[in-house]
Amino acid sequence: MSTLKSSPREMVFVVDDDNDVRDSLRYLLESVRLSVTEFSSGNEFLRAARPAVPSCLLVDLRMPDLGGLDLIDALRARGDLIPAVVITGFGDVSSTVRAFKSGAVDLIEKPFAPQSVIDTVQRLLRVDAQRLGDARARAEVEARLKRLSPREREVLHLVVEGNTNKEVAAAMGISVKTVEIHRKRMMEKLEVGSIAALVASYAPLLPPPAAPR
């Protein structure tokens, strides 16, 4: 079984039952200083732990145990969005269509052009870096939302809807001074310094307010 290299900044996974193809891709990608881990089967890849770094997958279309498209289907079914490239020597319309429906972002035919492979991999690593960065930022925002008290969350809803302190106070049946206190604490817990930043960061994550009884 392949072992993952320690603490890579980014990782390319090559899944192919052909040793020569795996070696060729590894030598090519390592020539441009990319970290590569090889697997001889789709099931082996599914069982492996992976570092949380920008990554992409190069997978053969046809393999004995689990074909490339079935592997991508299995990954997507468990919420794994690693960008994938299907490598095939049997390019046909139906395989190409299914590859993209499965969530593959590209398809490369053998014999592949070395520079095309390098360009594709580097592009997908940038895509995955952005995806991981967005996911981390979203997780941080969601963690801050959990710090709010029920009252502070109610103030948040009303503020991002564009209500003034006076309007928030009227809606909640409390004084403007109390709204100001809740609002100040809410802004501190959410680590924002302006209403514009508050709306941009938190409004998309807020569920709709409960309907009045």
# chains A, B, ... in the order shown; residues from 1 in each chain; ligands from 1

call {"tool": "residues_around", "arguments": {"residues": "Arg147 in chain A", "least_positions_apart": "4", "cutoff": "9 Å", "atoms": "only C-alpha atoms", "output": "PyMOL selection string"}}
result
chain A and resi 143+186+189-190

call {"tool": "residues_around", "arguments": {"residues": "Lys110 in chain A", "least_positions_apart": "6", "cutoff": "12 Å", "atoms": "only C-alpha atoms", "output": "list in words"}}
result
Val21, Ser24, Leu25, Asp60, Leu61, Val86, Ile87, Thr88, Gly89, Phe90, Gly91, Ser116 and Val117 of chain A

call {"tool": "select_by_dssp", "arguments": {"residues": "range 17-104 of chain A", "states": "helix (DSSP H, G or I)", "output": "VMD selection string"}}
result
chain A and resid 19 to 30 42 to 47 68 to 77 93 to 102

call {"tool": "residues_around", "arguments": {"residues": "Pro150 in chain A", "least_positions_apart": "4", "cutoff": "12 Å", "atoms": "only C-alpha atoms", "output": "PyMOL selection string"}}
result
chain A and resi 145-146+154-157+172+182+186+209

call {"tool": "atom_distance", "arguments": {"atom1": "CA of Phe45 in chain A", "atom2": "CA of Asp134 in chain A"}}
result
25.0 Å

call {"tool": "select_by_dssp", "arguments": {"residues": "range 76-177 of chain A", "states": "strand (DSSP E or B)", "output": "list in words"}}
result
Ala84, Val85, Val86, Ile87, Thr88, Asp106, Leu107, Ile108 and Glu109 of chain A

call {"tool": "write_last_selection", "arguments": {"atoms": "C-alpha atoms", "output": "CSV table (one decimal), in the first residue's frame"}}
result
chain,number,residue,atom,x,y,z
A,84,ALA,CA,-10.4,14.7,-10.5
A,85,VAL,CA,-8.9,14.1,-14.0
A,86,VAL,CA,-9.9,10.9,-15.8
A,87,ILE,CA,-7.1,9.4,-17.9
A,88,THR,CA,-8.2,7.1,-20.7
A,106,ASP,CA,-11.1,17.1,-17.0
A,107,LEU,CA,-10.3,14.1,-19.2
A,108,ILE,CA,-6.9,13.3,-20.7
A,109,GLU,CA,-6.3,10.7,-23.4

call {"tool": "residues_around", "arguments": {"residues": "Ser41 in chain A", "least_positions_apart": "6", "cutoff": "10 Å", "atoms": "only C-alpha atoms", "output": "list in words"}}
result
Met1, Val14, Val15, Asp16, Asp17, Asp18, Val59, Asp60, Met63, Pro64, Asp65, Leu66, Gly67, Gly68 and Leu71 of chain A
